[in-house]
Structures are given as structure tokens and as C-alpha cells.
Amino acid sequence: MRHFGHIPAIARKELFHQEPAEFDADSPADMLSVALGATLYSPATRPRLADDVLKQAARGVVSMVLCLEDSIDDAEVCAAEENLVRQFADLDARGAEIPLLFVRVREPGQIEDLVRRLGPASRLLSGFVLPKFTEDRGGPFMEAVSAAESVTGRMLYVMPVLESPELLHLETRYETLTGIARSVRRHRDRILALRLGVTDFCSAYGLRRSPDMTAYDVQIVAGVIADVVNVLGRADGTGFTITGPVWEYFRLQERIFKPQLRRSPFLEVRAEKLRTALIEHDLDGLLREIELDRANGLLGKTCIHPSHVLPVHALSVVSHEEFSDAQDILRPERGGGGVMRSAYTNKMNEVKPHRAWAERTLRRAEAFGVAREDVGFVELLTAGLAG
């Protein structure tokens with residue numbers, strides 16, 4: 001699979017200076033953690049879940065979480081597990097290309113039990129999402145994943161969700177965060193990414209942000225995000241990929257949006273017209289939040305609606321200007337440091353302070369590609385929808 005792999009090759013050539021790289025479930029973990037992109041959540045109760053997975057794969061989704069936790073009623077858990085086993089068997093029988101698939105469980109005991117029930121279809125499973133992760137809760141989950149690996153004979157990744165009240169509350173945050181850090185560092189090889197449960201953070205104070213506000217406008221939430229990145233997102237080799245929080249609003253439907261796109265030629269959509277359409281349908285807040293995610297050290301995003309996937313991926317593509325700056329900073333002859341004017345002649349590139357940013361930018365470029373000099377978000381989104 002690859003990002004924007006669902007659009008024709010000729011269209012990708014028109015869009016990309018450097019096309020996104022291909023990857024699969026067996027690719028190195030450092031590649032997969034960057035390439036997760038918009039991770040689409042789906043309740044495990046959906047009766048045609050296998051069809052849903054293949055449909056979303058054909059639309060450019062590369063990672064999905066099939067949820068047995070908060071997205072379903074407590075009384076539905078047993079039925080959801082049975083459905084999950086049936087749907088995995090269906091996917092396995094079809095033999096089609098699928099996204100990276102993770103299961104979000106409630107309790108450690110579900111992990112080994114599910115793997116055994118999945119049987120041969122467990123080969124389609126990339127790992128598990130672990131809810132309300134703390135050091136104390138994390139231990140049993142990690143032991144369960146290790147036991148499940150002995151059944152499958154292959155690596156199973158985990159994505160802990162940082163969403164517990166202890167992490168939010170100021171008087172317990174430091175101890176909880178340092179405990180989480182100890183736990184995930186002990187299991188570094190298995191941790192694909194850390195996910196932020198901002199909805200749970202808001203719930204603890206009876207808050208819910210409107211479509212006009214990003215997570216960073218809710219100060220109590222922004223403070224937690226900053227502390228998580230401070231401890232767990234460092235660029236010194238000790239950090240992890242931390243993904244952006246969920247965006248709850250999804251009034252925009254493709255059937256509303258596509259007629260406007262059809263009235264404009266490919267790669268000639270006027271940015272202002274498209275931006276107006278996005279504002280009208282509540283995506284302006286999502287776009288601002290994605291940009292703020294990246295500015296605050298987060299990569300990828302939890303998504304609960306397919307209409308969010310393409311904006312996340314389009315804004316993850318490295319611009320030609322970013323790529324040019326990153327390459328200049330990392331040239332071997334710059335190893336001693338120094339300052340230079342950017343090739344775009346609009347900024348200062350200082351080699352030593354900007355090196356970590358440049359390295360991170362080139363990793364993102366491998367996963368999401370580098371846009372041509374005259375290609376921006378509008379063209380990428382348009383091509384993705386047309387594809």
C-alpha cells in the first residue's frame with residue numbers, strides 16, 4: 001500500500017516531486033509509525049465490517065481500528081467479538097489488500113482469547129489499541145500481547161491511548177506521565193504510536209469543543225498535550241510518534257462536496273472556492289487542528305468519519321519548500337553547522353537547531369511524498385476525492 005495509491009499513477013506524477021513510498025504490515029516500525037496517517041475507527045459491531053474495510057482501503061485509508069471499547073454498548077461486547085472473528089475470516093478468504101488493522105480492546109484477557117479465535121485470520125492483525133493506558137494498567141496488557149504473539153508467531157504492535165483522569169488532573173499528572181514513560185520505554189520495540197484521548201479529557205470536566213474550536217483552544221486539554229509531547233515526543237531518539245486527537249464533527253459528505261469539484265478542471269480548482277466549501281461544512285476547524293497538531297509535534301490523527309481521512313493525508317504531504325529546506329540543512333558539508341538563506345529566499349535555515357526538524361520532515365516525505373512546487377493542499381485533496 002501507499003498514500004495516494006488509490007489515485008491513478010499518471011495523476012500522482014502530476015502531483016508529486018517525490019511520490020509516497022510503498023509499505024506493508026511487515027515494513028520497519030519506524031516507517032509504519034509515520035505512515036499511519038488518518039487512523040479510521042469503526043465499531044466492531046458493524047454487520048458488513050469486512051466490506052467496510054475493503055471500501056475504505058480503496059479510498060486511501062491505510063490504518064483502521066476495529067473498536068470493542070467505548071464505541072459500543074457494554075451489552076454488545078460478546079456479539080461484537082463474534083462479529084469480529086467472522087469478519088476477519090471473511091477478509092482472509094477474499095485475499096484482498098487491506099489497511100493495517102488494529103483491535104481496540106477493553107481488558108487484557110480479550111487479547112489472547114481473540115487471537116486464538118481468529119485462528120489463521122490473525123495474520124491480518126497488526127496489533128492492539130490499549131485504552132486508558134497507565135503504568136499499572138499497561139503491564140497486564142503488554143503481557144497479554146506477548147502471550148498472543150506466541151500464538152501468532154509474529155510481532156503484534158500496540159498503540160496505547162493516553163486518556164486517563166490521572167493524566168489530566170494536575171496533582172497526579174507528573175507521576176502518571178513518568179510512569180507511562182517508564183512503561184512504554186520498556187516495550188519500545190512494540191510501541192507503534194501513542195494516541196491521545198482528548199474526548200475523555202474533556203469529559204472529566206463536562207466539556208465539549210464546538211466545530212469552531214480546536215483542541216488547542218481548550219486550555220486544560222492543550223496543557224496535557226504539551227506535557228505529553230514534552231516527556232514522550234522528544235527528538236533526541238527517546239521519543240515516540242504521538243498522534244493527533246479525534247475531530248468529532250462530520251457534517252460534510254462526499255456527495256455534497258463532489259459536485260463542486262466536478263465543475264472545476266483537475267489541478268485548477270480555485271483555493272478560495274474550495275476553502276469556502278470547507279468552512280460551510282465544518283471542516284475549517286479540522287484543517288486548523290491538523291496544522292496545529294503538526295506544529296505541536298503530533299503526526300497522524302484519530303478519525304471517526306471517512307470524510308476526515310483525505311484532509312489529514314493531504315496536509316501530511318511535505319511541501320516542495322519544506323523538502324528543499326530539509327535537504328539543504330542535512331547536506332553532508334553542513335555537518336559543522338552554520339546559517340544559510342533558504343533556496344526560497346524567505347527564511348533562515350540554521351543547521352544545528354533545525355536538524356531534528358529536517359530529519360523528521362524527510363521521514364514524513366518518505367511516507368506521504370513531496371508535492372511539486374506548484375501543488376498544494378487544494379490539488380491534493382481534489383485528486384484524492386476524484387480518485
# chains A, B, ... in the order shown; residues from 1 in each chain; ligands from 1
>>> residues_around(residues="segment 132-135 of chain A", least_positions_apart="2", cutoff="6 Å", atoms="only C-alpha atoms", output="ChimeraX atom specification")
/A:137-138,160-164,179-180,183
>>> write_last_selection(atoms="C-alpha atoms", output="PDB file, in the first residue's frame")
ATOM      1  CA  ARG A 137      -2.787  -0.895  33.622  1.00  0.00           C
ATOM      2  CA  GLY A 138      -0.159  -1.267  30.920  1.00  0.00           C
ATOM      3  CA  PRO A 160      -1.606   2.904  23.991  1.00  0.00           C
ATOM      4  CA  VAL A 161      -4.289   5.564  24.382  1.00  0.00           C
ATOM      5  CA  LEU A 162      -3.381   8.285  26.875  1.00  0.00           C
ATOM      6  CA  GLU A 163      -6.753   9.332  28.249  1.00  0.00           C
ATOM      7  CA  SER A 164      -6.955   8.509  31.951  1.00  0.00           C
ATOM      8  CA  GLY A 179       5.077   6.038  34.884  1.00  0.00           C
ATOM      9  CA  ILE A 180       3.732   5.835  31.337  1.00  0.00           C
ATOM     10  CA  SER A 183       6.311   1.501  30.704  1.00  0.00           C
TER      11      SER A 183
END
>>> residues_around(residues="Asp227 of chain A", least_positions_apart="4", cutoff="9 Å", atoms="only C-alpha atoms", output="compact mmCIF listing (two decimals) with N, CA and C atoms, in the first residue's frame")
# COMPACT_ATOMS: atom_id res chain seq x y z
N ARG A 173 -0.61 14.24 37.47
CA ARG A 173 -0.11 14.19 36.10
C ARG A 173 1.36 13.80 36.03
N TYR A 174 2.20 14.43 36.83
CA TYR A 174 3.63 14.16 36.72
C TYR A 174 3.93 12.69 37.00
N LEU A 177 2.48 10.46 34.16
CA LEU A 177 3.21 10.62 32.89
C LEU A 177 4.58 9.96 32.96
N ALA A 222 -5.03 21.50 26.04
CA ALA A 222 -3.76 21.90 25.43
C ALA A 222 -2.60 21.70 26.39
N GLY A 223 -2.84 21.93 27.67
CA GLY A 223 -1.78 21.74 28.65
C GLY A 223 -1.34 20.29 28.76
N VAL A 231 7.39 15.06 27.43
CA VAL A 231 8.00 13.87 28.02
C VAL A 231 8.21 12.76 27.00
N LEU A 232 7.25 12.59 26.08
CA LEU A 232 7.23 11.39 25.23
C LEU A 232 7.46 11.67 23.74
>>> residues_around(residues="segment 50-60 of chain A", least_positions_apart="4", cutoff="7 Å", atoms="only C-alpha atoms", output="list in words")
His3, Phe4, Gly5, His6, Gln87, Asp90, Leu91, Ile98 and Pro99 of chain A
>>> closest_residue(among="A:Ala80, A:Ile111, A:Leu167, A:Ala29", to="Ala148 of chain A", atoms="only C-alpha atoms")
A:Ile111
>>> residues_around(residues="His354 of chain A", least_positions_apart="5", cutoff="9 Å", atoms="only C-alpha atoms", output="MDAnalysis selection string")
chainID A and resid 326 329 349 359
>>> closest_residue(among="A:Arg341, A:Arg48, A:Arg234, A:Arg334", to="Asn296 of chain A", atoms="only C-alpha atoms")
A:Arg234
>>> closest_residue(among="A:Ala93, A:Ala79, A:Glu107, A:Leu298", to="Gly139 of chain A", atoms="only C-alpha atoms")
A:Glu107
>>> select_by_dssp(residues="segment 288-328 of chain A", states="alpha helix (DSSP H)", output="number ranges by chain")
A: 288-295, 309-316, 320-328
>>> residues_around(residues="Met213 of chain A", least_positions_apart="2", cutoff="10 Å", atoms="only C-alpha atoms", output="list in words")
Arg208, Arg209, Ser210, Pro211, Ala215, Tyr216, Asp217, Val218, Asp284, Gly285, Leu286, Arg288 and Glu289 of chain A
>>> residues_around(residues="Asp24 of chain A", least_positions_apart="2", cutoff="10 Å", atoms="only C-alpha atoms", output="short mmCIF file (atom, residue, chain, number, x, y, z; two decimals) with N, CA, C and O atoms, in the first residue's frame")
data_model
loop_
_atom_site.label_atom_id
_atom_site.label_comp_id
_atom_site.auth_asym_id
_atom_site.auth_seq_id
_atom_site.Cartn_x
_atom_site.Cartn_y
_atom_site.Cartn_z
N MET A 1 0.85 -1.19 0.00
CA MET A 1 0.00 0.00 0.00
C MET A 1 0.89 1.24 0.00
O MET A 1 2.08 1.16 0.29
N ARG A 2 0.29 2.37 -0.34
CA ARG A 2 0.99 3.65 -0.26
C ARG A 2 -0.05 4.75 -0.17
O ARG A 2 -1.19 4.60 -0.62
N GLU A 22 6.02 2.87 -1.03
CA GLU A 22 5.17 1.73 -0.72
C GLU A 22 5.59 1.12 0.61
O GLU A 22 6.76 1.17 1.01
N ASP A 26 4.66 -5.59 7.19
CA ASP A 26 5.97 -6.08 7.59
C ASP A 26 7.08 -5.04 7.42
O ASP A 26 8.26 -5.36 7.63
N SER A 27 6.73 -3.83 7.04
CA SER A 27 7.74 -2.77 6.92
C SER A 27 8.29 -2.42 8.30
O SER A 27 7.67 -2.71 9.33
N PRO A 28 9.46 -1.78 8.35
CA PRO A 28 10.04 -1.40 9.65
C PRO A 28 9.08 -0.53 10.47
O PRO A 28 8.33 0.29 9.92
N MET A 31 8.96 3.25 9.95
CA MET A 31 8.21 3.67 8.77
C MET A 31 6.71 3.61 9.05
O MET A 31 5.96 4.55 8.75
N LEU A 32 6.24 2.52 9.64
CA LEU A 32 4.81 2.36 9.89
C LEU A 32 4.28 3.43 10.85
O LEU A 32 3.17 3.93 10.68
N VAL A 62 -5.14 3.74 5.16
CA VAL A 62 -4.05 2.78 5.33
C VAL A 62 -3.99 2.20 6.75
O VAL A 62 -3.21 1.27 6.99
N GLU A 97 -6.04 -6.68 -0.68
CA GLU A 97 -5.17 -5.79 0.09
C GLU A 97 -6.00 -5.04 1.11
O GLU A 97 -7.06 -4.50 0.79
N ILE A 98 -5.53 -5.00 2.34
CA ILE A 98 -6.26 -4.35 3.42
C ILE A 98 -5.36 -3.33 4.11
O ILE A 98 -4.12 -3.40 4.00
N PRO A 99 -5.94 -2.40 4.85
CA PRO A 99 -5.12 -1.48 5.66
C PRO A 99 -4.47 -2.22 6.82
O PRO A 99 -4.76 -3.40 7.09
N LEU A 100 -3.60 -1.53 7.54
CA LEU A 100 -3.13 -2.03 8.82
C LEU A 100 -4.33 -2.09 9.76
O LEU A 100 -5.02 -1.08 9.94
#
>>> closest_residue(among="A:Leu118, A:Leu287, A:Val184, A:Met340", to="Asp212 of chain A", atoms="only C-alpha atoms")
A:Leu287
>>> residues_around(residues="Thr45 of chain A", least_positions_apart="4", cutoff="10 Å", atoms="only C-alpha atoms", output="number ranges by chain")
A: 49, 66-68, 71-73, 76-84
>>> select_by_dssp(residues="segment 12-227 of chain A", states="strand (DSSP E)", output="VMD selection string")
chain A and resid 16 to 18 38 to 43 63 to 67 100 to 104 125 to 130 157 to 162 194 to 196
>>> closest_residue(among="A:Ile191, A:Ala38, A:Val370, A:Val198", to="Ser307 of chain A", atoms="only C-alpha atoms")
A:Ala38
>>> atom_distance(atom1="atom CA of Ala295 of chain A", atom2="atom CA of Ser203 of chain A")
25.0 Å
